[in-house]
>>> print(open('coords.txt').read())   # compact mmCIF, N, CA and C atoms and all ligand atoms
# COMPACT_ATOMS: atom_id res chain seq x y z
N MET A 1 -10.83 -5.62 -14.84
CA MET A 1 -10.74 -6.97 -15.42
C MET A 1 -11.69 -7.94 -14.73
N LEU A 2 -12.20 -7.53 -13.59
CA LEU A 2 -12.98 -8.46 -12.82
C LEU A 2 -14.42 -8.49 -13.31
N VAL A 3 -14.78 -9.55 -13.97
CA VAL A 3 -16.16 -9.71 -14.40
C VAL A 3 -16.90 -10.41 -13.29
N ASN A 4 -17.87 -9.73 -12.77
CA ASN A 4 -18.53 -10.29 -11.61
C ASN A 4 -19.73 -11.13 -11.99
N GLY A 5 -19.48 -12.37 -12.27
CA GLY A 5 -20.56 -13.26 -12.66
C GLY A 5 -21.14 -14.02 -11.49
N ALA A 6 -20.93 -13.47 -10.31
CA ALA A 6 -21.31 -14.22 -9.12
C ALA A 6 -22.79 -14.06 -8.81
N VAL A 7 -23.59 -14.75 -9.54
CA VAL A 7 -25.01 -14.80 -9.19
C VAL A 7 -25.20 -16.08 -8.38
N VAL A 8 -25.01 -15.92 -7.10
CA VAL A 8 -25.00 -17.10 -6.24
C VAL A 8 -26.36 -17.26 -5.59
N ALA A 9 -26.85 -18.44 -5.67
CA ALA A 9 -28.10 -18.72 -4.98
C ALA A 9 -27.87 -18.59 -3.49
N GLY A 10 -28.69 -17.83 -2.83
CA GLY A 10 -28.42 -17.50 -1.44
C GLY A 10 -28.87 -18.58 -0.48
N LYS A 11 -28.26 -19.73 -0.57
CA LYS A 11 -28.66 -20.81 0.33
C LYS A 11 -28.19 -20.51 1.75
N GLY A 12 -29.10 -20.65 2.64
CA GLY A 12 -28.73 -20.47 4.04
C GLY A 12 -28.62 -19.03 4.49
N ALA A 13 -28.90 -18.10 3.61
CA ALA A 13 -28.73 -16.70 3.98
C ALA A 13 -29.63 -16.30 5.13
N GLY A 14 -30.78 -16.93 5.20
CA GLY A 14 -31.73 -16.57 6.24
C GLY A 14 -31.36 -17.10 7.61
N THR A 15 -30.38 -17.99 7.66
CA THR A 15 -30.03 -18.61 8.94
C THR A 15 -28.99 -17.80 9.71
N ALA A 16 -28.43 -16.78 9.06
CA ALA A 16 -27.36 -16.03 9.71
C ALA A 16 -27.86 -15.33 10.96
N LYS A 17 -27.04 -15.44 12.00
CA LYS A 17 -27.37 -14.75 13.24
C LYS A 17 -26.72 -13.37 13.24
N GLY A 18 -27.00 -12.63 14.26
CA GLY A 18 -26.32 -11.35 14.42
C GLY A 18 -27.05 -10.23 13.74
N LEU A 19 -26.36 -9.13 13.60
CA LEU A 19 -27.01 -7.90 13.17
C LEU A 19 -27.04 -7.73 11.66
N ARG A 20 -26.36 -8.61 10.95
CA ARG A 20 -26.27 -8.42 9.53
C ARG A 20 -27.60 -8.71 8.83
N SER A 21 -27.94 -7.86 7.91
CA SER A 21 -29.16 -8.06 7.14
C SER A 21 -28.88 -9.03 6.00
N VAL A 22 -29.95 -9.56 5.44
CA VAL A 22 -29.82 -10.49 4.32
C VAL A 22 -29.07 -9.82 3.17
N GLU A 23 -29.36 -8.54 2.95
CA GLU A 23 -28.69 -7.81 1.86
C GLU A 23 -27.18 -7.75 2.10
N GLU A 24 -26.84 -7.46 3.34
CA GLU A 24 -25.42 -7.36 3.69
C GLU A 24 -24.72 -8.69 3.48
N ILE A 25 -25.40 -9.74 3.91
CA ILE A 25 -24.81 -11.07 3.77
C ILE A 25 -24.63 -11.42 2.31
N GLU A 26 -25.63 -11.09 1.50
CA GLU A 26 -25.53 -11.36 0.07
C GLU A 26 -24.37 -10.59 -0.55
N GLN A 27 -24.19 -9.36 -0.07
CA GLN A 27 -23.11 -8.52 -0.56
C GLN A 27 -21.76 -9.14 -0.24
N ILE A 28 -21.64 -9.59 1.01
CA ILE A 28 -20.40 -10.23 1.45
C ILE A 28 -20.16 -11.51 0.64
N ARG A 29 -21.23 -12.25 0.41
CA ARG A 29 -21.11 -13.48 -0.33
C ARG A 29 -20.56 -13.23 -1.74
N VAL A 30 -21.11 -12.20 -2.38
CA VAL A 30 -20.66 -11.86 -3.73
C VAL A 30 -19.17 -11.49 -3.72
N ILE A 31 -18.79 -10.70 -2.72
CA ILE A 31 -17.38 -10.30 -2.61
C ILE A 31 -16.48 -11.52 -2.41
N LEU A 32 -16.89 -12.37 -1.48
CA LEU A 32 -16.08 -13.56 -1.18
C LEU A 32 -16.02 -14.51 -2.37
N GLN A 33 -17.15 -14.65 -3.03
CA GLN A 33 -17.21 -15.55 -4.17
C GLN A 33 -16.29 -15.07 -5.29
N SER A 34 -16.31 -13.78 -5.56
CA SER A 34 -15.46 -13.28 -6.65
C SER A 34 -14.00 -13.31 -6.23
N ARG A 35 -13.76 -13.12 -4.95
CA ARG A 35 -12.40 -13.23 -4.42
C ARG A 35 -11.90 -14.66 -4.59
N PHE A 36 -12.76 -15.60 -4.25
CA PHE A 36 -12.42 -17.01 -4.39
C PHE A 36 -12.10 -17.34 -5.85
N GLU A 37 -12.94 -16.86 -6.76
CA GLU A 37 -12.73 -17.17 -8.17
C GLU A 37 -11.46 -16.54 -8.70
N GLU A 38 -11.19 -15.32 -8.25
CA GLU A 38 -9.97 -14.62 -8.62
C GLU A 38 -8.74 -15.42 -8.19
N LEU A 39 -8.78 -15.85 -6.94
CA LEU A 39 -7.65 -16.60 -6.39
C LEU A 39 -7.51 -17.95 -7.07
N ASN A 40 -8.63 -18.53 -7.40
CA ASN A 40 -8.62 -19.79 -8.10
C ASN A 40 -7.93 -19.67 -9.45
N THR A 41 -8.27 -18.61 -10.18
CA THR A 41 -7.64 -18.36 -11.47
C THR A 41 -6.14 -18.14 -11.30
N GLU A 42 -5.78 -17.30 -10.33
CA GLU A 42 -4.37 -17.02 -10.07
C GLU A 42 -3.62 -18.31 -9.72
N TYR A 43 -4.28 -19.13 -8.92
CA TYR A 43 -3.67 -20.37 -8.49
C TYR A 43 -3.43 -21.29 -9.70
N GLU A 44 -4.43 -21.40 -10.54
CA GLU A 44 -4.29 -22.27 -11.70
C GLU A 44 -3.19 -21.78 -12.64
N GLU A 45 -3.09 -20.46 -12.77
CA GLU A 45 -2.02 -19.90 -13.59
C GLU A 45 -0.66 -20.21 -12.99
N ALA A 46 -0.59 -20.10 -11.67
CA ALA A 46 0.67 -20.38 -10.99
C ALA A 46 1.06 -21.85 -11.12
N VAL A 47 0.06 -22.72 -11.08
CA VAL A 47 0.33 -24.15 -11.25
C VAL A 47 0.89 -24.41 -12.65
N ALA A 48 0.26 -23.80 -13.64
CA ALA A 48 0.71 -23.98 -15.02
C ALA A 48 2.14 -23.46 -15.19
N GLN A 49 2.39 -22.31 -14.58
CA GLN A 49 3.71 -21.71 -14.61
C GLN A 49 4.75 -22.63 -13.97
N ASN A 50 4.37 -23.19 -12.87
CA ASN A 50 5.22 -24.11 -12.14
C ASN A 50 5.56 -25.34 -12.97
N THR A 51 4.55 -25.84 -13.64
CA THR A 51 4.74 -27.01 -14.48
C THR A 51 5.70 -26.69 -15.62
N ARG A 52 5.52 -25.51 -16.22
CA ARG A 52 6.43 -25.10 -17.29
C ARG A 52 7.86 -25.04 -16.78
N LEU A 53 8.02 -24.47 -15.58
CA LEU A 53 9.33 -24.33 -14.98
C LEU A 53 10.00 -25.69 -14.81
N ARG A 54 9.23 -26.63 -14.33
CA ARG A 54 9.75 -27.99 -14.11
C ARG A 54 10.16 -28.63 -15.43
N LEU A 55 9.33 -28.45 -16.44
CA LEU A 55 9.61 -29.07 -17.73
C LEU A 55 10.90 -28.51 -18.30
N VAL A 56 11.05 -27.19 -18.21
CA VAL A 56 12.28 -26.56 -18.69
C VAL A 56 13.47 -27.13 -17.93
N GLU A 57 13.27 -27.29 -16.64
CA GLU A 57 14.32 -27.81 -15.79
C GLU A 57 14.75 -29.21 -16.20
N ILE A 58 13.78 -30.04 -16.42
CA ILE A 58 14.07 -31.41 -16.82
C ILE A 58 14.81 -31.41 -18.16
N GLY A 59 14.32 -30.57 -19.06
CA GLY A 59 14.95 -30.47 -20.38
C GLY A 59 16.38 -29.99 -20.32
N ASP A 60 16.66 -29.09 -19.37
CA ASP A 60 17.99 -28.48 -19.28
C ASP A 60 18.97 -29.24 -18.41
N ALA A 61 18.44 -30.15 -17.63
CA ALA A 61 19.24 -30.73 -16.55
C ALA A 61 20.59 -31.25 -17.00
N ALA A 62 20.65 -31.81 -18.18
CA ALA A 62 21.88 -32.45 -18.65
C ALA A 62 23.05 -31.48 -18.68
N GLY A 63 22.86 -30.28 -19.21
CA GLY A 63 23.98 -29.38 -19.40
C GLY A 63 24.17 -28.35 -18.30
N ASP A 64 23.57 -28.57 -17.14
CA ASP A 64 23.61 -27.57 -16.08
C ASP A 64 24.97 -27.44 -15.41
N ASP A 65 25.39 -26.18 -15.18
CA ASP A 65 26.48 -26.00 -14.23
C ASP A 65 25.89 -25.61 -12.88
N GLN A 66 26.72 -25.55 -11.85
CA GLN A 66 26.22 -25.35 -10.48
C GLN A 66 25.44 -24.04 -10.31
N ALA A 67 26.00 -22.94 -10.77
CA ALA A 67 25.38 -21.63 -10.58
C ALA A 67 24.00 -21.60 -11.20
N ASP A 68 23.92 -22.19 -12.36
CA ASP A 68 22.67 -22.23 -13.09
C ASP A 68 21.59 -22.97 -12.32
N SER A 69 21.93 -24.11 -11.80
CA SER A 69 20.92 -24.89 -11.10
C SER A 69 20.57 -24.23 -9.77
N GLY A 70 21.49 -23.45 -9.21
CA GLY A 70 21.20 -22.69 -7.99
C GLY A 70 20.11 -21.66 -8.22
N SER A 71 20.21 -20.91 -9.31
CA SER A 71 19.21 -19.89 -9.58
C SER A 71 17.88 -20.52 -9.94
N LYS A 72 17.94 -21.69 -10.51
CA LYS A 72 16.69 -22.39 -10.83
C LYS A 72 15.99 -22.87 -9.57
N THR A 73 16.80 -23.31 -8.63
CA THR A 73 16.23 -23.73 -7.35
C THR A 73 15.52 -22.56 -6.68
N ALA A 74 16.16 -21.39 -6.72
CA ALA A 74 15.57 -20.19 -6.12
C ALA A 74 14.27 -19.84 -6.82
N GLU A 75 14.28 -19.95 -8.12
CA GLU A 75 13.10 -19.64 -8.91
C GLU A 75 11.95 -20.61 -8.56
N ARG A 76 12.34 -21.85 -8.41
CA ARG A 76 11.34 -22.86 -8.10
C ARG A 76 10.80 -22.67 -6.68
N ASP A 77 11.68 -22.31 -5.76
CA ASP A 77 11.24 -22.05 -4.39
C ASP A 77 10.24 -20.89 -4.34
N ALA A 78 10.55 -19.84 -5.10
CA ALA A 78 9.65 -18.69 -5.15
C ALA A 78 8.29 -19.10 -5.71
N ALA A 79 8.33 -19.90 -6.75
CA ALA A 79 7.08 -20.35 -7.37
C ALA A 79 6.29 -21.22 -6.40
N THR A 80 6.99 -22.07 -5.67
CA THR A 80 6.32 -22.94 -4.71
C THR A 80 5.70 -22.14 -3.58
N SER A 81 6.41 -21.11 -3.12
CA SER A 81 5.84 -20.34 -2.01
C SER A 81 4.68 -19.48 -2.48
N LEU A 82 4.72 -19.04 -3.72
CA LEU A 82 3.57 -18.32 -4.28
C LEU A 82 2.36 -19.24 -4.34
N LEU A 83 2.59 -20.47 -4.78
CA LEU A 83 1.51 -21.44 -4.84
C LEU A 83 0.89 -21.65 -3.47
N ARG A 84 1.75 -21.77 -2.48
CA ARG A 84 1.25 -22.02 -1.13
C ARG A 84 0.42 -20.83 -0.64
N THR A 85 0.92 -19.63 -0.91
CA THR A 85 0.20 -18.43 -0.50
C THR A 85 -1.18 -18.36 -1.15
N LEU A 86 -1.20 -18.60 -2.45
CA LEU A 86 -2.48 -18.53 -3.18
C LEU A 86 -3.45 -19.58 -2.67
N LEU A 87 -2.92 -20.76 -2.42
CA LEU A 87 -3.76 -21.84 -1.94
C LEU A 87 -4.33 -21.50 -0.56
N ASP A 88 -3.48 -20.95 0.30
CA ASP A 88 -3.92 -20.51 1.63
C ASP A 88 -5.06 -19.51 1.52
N ARG A 89 -4.85 -18.53 0.65
CA ARG A 89 -5.86 -17.47 0.52
C ARG A 89 -7.16 -18.01 -0.04
N ARG A 90 -7.02 -18.92 -0.99
CA ARG A 90 -8.20 -19.50 -1.59
C ARG A 90 -8.98 -20.31 -0.54
N THR A 91 -8.26 -21.10 0.23
CA THR A 91 -8.87 -21.88 1.30
C THR A 91 -9.56 -20.96 2.29
N GLN A 92 -8.90 -19.86 2.59
CA GLN A 92 -9.43 -18.88 3.53
C GLN A 92 -10.76 -18.29 3.04
N ALA A 93 -10.78 -17.94 1.76
CA ALA A 93 -12.00 -17.37 1.18
C ALA A 93 -13.12 -18.41 1.18
N GLU A 94 -12.76 -19.63 0.87
CA GLU A 94 -13.72 -20.72 0.85
C GLU A 94 -14.28 -20.96 2.25
N HIS A 95 -13.38 -20.94 3.20
CA HIS A 95 -13.74 -21.13 4.59
C HIS A 95 -14.70 -20.03 5.06
N ALA A 96 -14.40 -18.80 4.68
CA ALA A 96 -15.26 -17.68 5.05
C ALA A 96 -16.65 -17.85 4.44
N LEU A 97 -16.70 -18.37 3.22
CA LEU A 97 -17.99 -18.62 2.58
C LEU A 97 -18.80 -19.67 3.36
N HIS A 98 -18.10 -20.69 3.82
CA HIS A 98 -18.77 -21.72 4.63
C HIS A 98 -19.35 -21.12 5.89
N ARG A 99 -18.53 -20.27 6.51
CA ARG A 99 -18.99 -19.64 7.75
C ARG A 99 -20.18 -18.72 7.49
N LEU A 100 -20.19 -18.15 6.33
CA LEU A 100 -21.32 -17.31 5.95
C LEU A 100 -22.59 -18.17 5.86
N ASP A 101 -22.44 -19.34 5.28
CA ASP A 101 -23.56 -20.27 5.18
C ASP A 101 -24.03 -20.74 6.55
N GLU A 102 -23.08 -20.97 7.42
CA GLU A 102 -23.40 -21.45 8.76
C GLU A 102 -23.98 -20.36 9.65
N GLY A 103 -23.76 -19.11 9.24
CA GLY A 103 -24.21 -18.00 10.07
C GLY A 103 -23.22 -17.62 11.15
N THR A 104 -21.98 -18.12 11.04
CA THR A 104 -20.98 -17.76 12.03
C THR A 104 -20.01 -16.71 11.49
N TYR A 105 -20.23 -16.31 10.24
CA TYR A 105 -19.34 -15.32 9.63
C TYR A 105 -19.37 -14.02 10.44
N GLY A 106 -18.18 -13.44 10.62
CA GLY A 106 -18.12 -12.16 11.32
C GLY A 106 -17.81 -12.32 12.80
N ASN A 107 -17.86 -13.58 13.27
CA ASN A 107 -17.43 -13.83 14.64
C ASN A 107 -16.07 -14.53 14.61
N CYS A 108 -15.21 -14.13 15.54
CA CYS A 108 -13.87 -14.67 15.57
C CYS A 108 -13.88 -16.16 15.90
N GLU A 109 -13.06 -16.92 15.18
CA GLU A 109 -12.98 -18.36 15.45
C GLU A 109 -12.22 -18.65 16.74
N GLY A 110 -11.42 -17.69 17.16
CA GLY A 110 -10.63 -17.89 18.36
C GLY A 110 -11.42 -17.56 19.62
N CYS A 111 -11.89 -16.34 19.71
CA CYS A 111 -12.51 -15.87 20.96
C CYS A 111 -14.02 -15.67 20.80
N SER A 112 -14.56 -15.94 19.63
CA SER A 112 -15.98 -15.78 19.27
C SER A 112 -16.54 -14.37 19.40
N ASN A 113 -15.69 -13.41 19.64
CA ASN A 113 -16.17 -12.03 19.62
C ASN A 113 -16.38 -11.58 18.18
N PRO A 114 -17.27 -10.61 17.98
CA PRO A 114 -17.45 -10.11 16.62
C PRO A 114 -16.15 -9.50 16.08
N ILE A 115 -15.86 -9.80 14.84
CA ILE A 115 -14.70 -9.20 14.19
C ILE A 115 -15.10 -7.78 13.77
N PRO A 116 -14.27 -6.78 14.07
CA PRO A 116 -14.65 -5.41 13.70
C PRO A 116 -14.94 -5.29 12.20
N VAL A 117 -16.01 -4.58 11.90
CA VAL A 117 -16.44 -4.43 10.52
C VAL A 117 -15.33 -3.85 9.64
N GLU A 118 -14.54 -2.95 10.22
CA GLU A 118 -13.46 -2.32 9.45
C GLU A 118 -12.46 -3.39 8.98
N ARG A 119 -12.24 -4.37 9.84
CA ARG A 119 -11.32 -5.44 9.46
C ARG A 119 -11.91 -6.29 8.34
N LEU A 120 -13.20 -6.57 8.43
CA LEU A 120 -13.86 -7.38 7.42
C LEU A 120 -13.93 -6.65 6.08
N GLU A 121 -14.00 -5.33 6.17
CA GLU A 121 -14.04 -4.57 4.92
C GLU A 121 -12.71 -4.69 4.17
N VAL A 122 -11.63 -4.68 4.95
CA VAL A 122 -10.31 -4.80 4.33
C VAL A 122 -10.00 -6.25 3.97
N PHE A 123 -10.34 -7.16 4.89
CA PHE A 123 -10.11 -8.59 4.66
C PHE A 123 -11.42 -9.36 4.77
N PRO A 124 -12.19 -9.39 3.67
CA PRO A 124 -13.50 -10.04 3.77
C PRO A 124 -13.39 -11.51 4.16
N SER A 125 -12.25 -12.13 3.91
CA SER A 125 -12.16 -13.55 4.24
C SER A 125 -11.57 -13.80 5.62
N ALA A 126 -11.41 -12.76 6.41
CA ALA A 126 -10.89 -12.94 7.76
C ALA A 126 -11.88 -13.73 8.61
N THR A 127 -11.38 -14.71 9.35
CA THR A 127 -12.26 -15.47 10.25
C THR A 127 -11.80 -15.38 11.70
N THR A 128 -10.80 -14.54 11.93
CA THR A 128 -10.37 -14.28 13.31
C THR A 128 -10.15 -12.78 13.49
N CYS A 129 -10.21 -12.33 14.74
CA CYS A 129 -9.88 -10.94 15.01
C CYS A 129 -8.35 -10.78 14.97
N VAL A 130 -7.91 -9.56 15.00
CA VAL A 130 -6.47 -9.30 14.85
C VAL A 130 -5.68 -9.98 15.98
N ASN A 131 -6.20 -9.91 17.19
CA ASN A 131 -5.51 -10.53 18.33
C ASN A 131 -5.30 -12.02 18.14
N CYS A 132 -6.39 -12.71 17.81
CA CYS A 132 -6.29 -14.16 17.66
C CYS A 132 -5.42 -14.53 16.47
N LYS A 133 -5.45 -13.70 15.44
CA LYS A 133 -4.61 -13.97 14.28
C LYS A 133 -3.14 -13.91 14.69
N GLN A 134 -2.81 -12.90 15.49
CA GLN A 134 -1.43 -12.76 15.92
C GLN A 134 -1.00 -13.93 16.81
N VAL A 135 -1.91 -14.35 17.68
CA VAL A 135 -1.61 -15.50 18.54
C VAL A 135 -1.33 -16.73 17.68
N ARG A 136 -2.19 -16.95 16.69
CA ARG A 136 -2.02 -18.09 15.79
C ARG A 136 -0.70 -18.04 15.06
N GLU A 137 -0.38 -16.85 14.55
CA GLU A 137 0.85 -16.73 13.77
C GLU A 137 2.07 -16.96 14.63
N ARG A 138 1.99 -16.49 15.88
CA ARG A 138 3.11 -16.71 16.79
C ARG A 138 3.27 -18.19 17.07
N ARG A 139 2.14 -18.86 17.20
CA ARG A 139 2.19 -20.30 17.48
C ARG A 139 2.74 -21.07 16.27
N ALA A 140 2.38 -20.59 15.09
CA ALA A 140 2.77 -21.31 13.87
C ALA A 140 4.26 -21.15 13.56
N SER A 141 4.85 -20.05 14.01
CA SER A 141 6.24 -19.81 13.61
C SER A 141 7.23 -20.32 14.66
ZN ZN A 201 -10.50 -13.35 18.52
>>> encode(input="coords.txt", output="structure tokens")
Amino acid sequence: MLVNGAVVAGKGAGTAKGLRSVEEIEQIRVILQSRFEELNTEYEEAVAQNTRLRLVEIGDAAGDDQADSGSKTAERDAATSLLRTLLDRRTQAEHALHRLDEGTYGNCEGCSNPIPVERLEVFPSATTCVNCKQVRERRAS
């Protein structure tokens, strides 16, 4: 289903430091760009879904019993957390694209060590190494 229309002008590609070749960087850019667009579409669909949910809720509010409104709250919470997740991922992909432009892509934001290529292959939008990611998550929770 993924139509890859990402013909991105390679601005700043020549400024990247490190061992990555221009071709590699362009490849990563295409991947990140299509990932970003995918997430953007998903996010917009989720927003529309959320809006529908709210409208139904407003329409139904008058005749609600307790159990009913409880399950709606759960449904809305799930929708809200999906939105947050999608937004996070989209921001992450966008951020990775910026770092690609800056030439800092592939280096950890925490410790500035190179992020292992295997990790970037699985998570192209990763901007930290596994260690720093875990430290961040521990701090956030
Ligand atoms: Zn690190």
>>> closest_residue(input="coords.txt", among="A:Glu57, A:Glu137, A:Glu109, A:Glu38", to="ligand ZN 201 (chain A)", atoms="only C-alpha atoms and all ligand atoms")
A:Glu109
>>> atom_distance(input="coords.txt", atom1="atom C of Leu83 (chain A)", atom2="atom C of Gln27 (chain A)")
26.1 Å
>>> closest_atom_pairs(input="coords.txt", of="chain A", to="ligand ZN 201 (chain A)", cutoff="5 Å", atoms="only N, CA and C atoms and all ligand atoms", output="tab-separated table")
residue	atom	partner	partner_atom	distance
A:Cys108	CA	A:ZN201	ZN	4.7
A:Gly110	C	A:ZN201	ZN	4.4
A:Cys111	N	A:ZN201	ZN	3.5
A:Ser112	N	A:ZN201	ZN	4.9
A:Cys129	N	A:ZN201	ZN	3.9
A:Cys132	N	A:ZN201	ZN	4.2
>>> atom_distance(input="coords.txt", atom1="atom N of Arg76 (chain A)", atom2="atom C of Gln49 (chain A)")
9.4 Å
>>> residues_around(input="coords.txt", residues="Thr91 (chain A)", least_positions_apart="4", cutoff="12 Å", atoms="only C-alpha atoms", output="ChimeraX atom specification")
/A:32-33,35-37,39-40,43,84-87,95-98,125-127
>>> select_by_dssp(input="coords.txt", residues="chain A", states="alpha helix (DSSP H)", output="PyMOL selection string")
chain A and resi 22-60+66-102+117-122+130-140
>>> axis_aligned_box(input="coords.txt", around="region 36-47 of chain A", padding_each_side="4 Å", output="lines of an AutoDock Vina configuration file")
center_x = -5.9
center_y = -19.5
center_z = -8.9
size_x = 22.0
size_y = 17.8
size_z = 17.3
>>> atom_distance(input="coords.txt", atom1="atom C of Asn50 (chain A)", atom2="CA of Ser34 (chain A)")
25.0 Å
>>> residues_around(input="coords.txt", residues="Ile115 (chain A)", least_positions_apart="3", cutoff="6 Å", atoms="all atoms listed in the file", output="PyMOL selection string")
chain A and resi 106-108+119-120+128-129
>>> decode(input="coords.txt", residues="region 30-65 of chain A", atoms="C-alpha atoms", output="PDB file, in the first residue's frame")
ATOM      1  CA  VAL A  30      13.643   8.364   1.680  1.00  0.00           C
ATOM      2  CA  ILE A  31      12.885   5.825   4.397  1.00  0.00           C
ATOM      3  CA  LEU A  32      12.375   8.489   7.041  1.00  0.00           C
ATOM      4  CA  GLN A  33      10.314  10.646   4.735  1.00  0.00           C
ATOM      5  CA  SER A  34       7.939   7.838   3.838  1.00  0.00           C
ATOM      6  CA  ARG A  35       7.771   6.824   7.484  1.00  0.00           C
ATOM      7  CA  PHE A  36       6.873  10.382   8.382  1.00  0.00           C
ATOM      8  CA  GLU A  37       4.171  10.514   5.717  1.00  0.00           C
ATOM      9  CA  GLU A  38       2.778   7.164   6.810  1.00  0.00           C
ATOM     10  CA  LEU A  39       2.570   8.320  10.403  1.00  0.00           C
ATOM     11  CA  ASN A  40       1.078  11.591   9.333  1.00  0.00           C
ATOM     12  CA  THR A  41      -1.710   9.794   7.499  1.00  0.00           C
ATOM     13  CA  GLU A  42      -2.304   7.477  10.450  1.00  0.00           C
ATOM     14  CA  TYR A  43      -2.367  10.440  12.777  1.00  0.00           C
ATOM     15  CA  GLU A  44      -4.880  12.325  10.678  1.00  0.00           C
ATOM     16  CA  GLU A  45      -7.100   9.260  10.509  1.00  0.00           C
ATOM     17  CA  ALA A  46      -6.889   8.890  14.263  1.00  0.00           C
ATOM     18  CA  VAL A  47      -7.810  12.547  14.729  1.00  0.00           C
ATOM     19  CA  ALA A  48     -10.847  12.121  12.496  1.00  0.00           C
ATOM     20  CA  GLN A  49     -11.799   8.981  14.385  1.00  0.00           C
ATOM     21  CA  ASN A  50     -11.438  10.813  17.654  1.00  0.00           C
ATOM     22  CA  THR A  51     -13.633  13.629  16.456  1.00  0.00           C
ATOM     23  CA  ARG A  52     -16.314  11.157  15.384  1.00  0.00           C
ATOM     24  CA  LEU A  53     -16.134   9.533  18.801  1.00  0.00           C
ATOM     25  CA  ARG A  54     -16.638  12.862  20.526  1.00  0.00           C
ATOM     26  CA  LEU A  55     -19.547  13.795  18.316  1.00  0.00           C
ATOM     27  CA  VAL A  56     -21.273  10.501  19.012  1.00  0.00           C
ATOM     28  CA  GLU A  57     -20.636  11.080  22.677  1.00  0.00           C
ATOM     29  CA  ILE A  58     -22.151  14.520  22.668  1.00  0.00           C
ATOM     30  CA  GLY A  59     -25.142  13.218  20.743  1.00  0.00           C
ATOM     31  CA  ASP A  60     -25.665  10.347  23.175  1.00  0.00           C
ATOM     32  CA  ALA A  61     -24.915  12.134  26.393  1.00  0.00           C
ATOM     33  CA  ALA A  62     -28.528  12.781  27.321  1.00  0.00           C
ATOM     34  CA  GLY A  63     -29.619   9.159  27.615  1.00  0.00           C
ATOM     35  CA  ASP A  64     -26.442   7.693  29.101  1.00  0.00           C
ATOM     36  CA  ASP A  65     -26.398   5.314  32.007  1.00  0.00           C
TER      37      ASP A  65
END
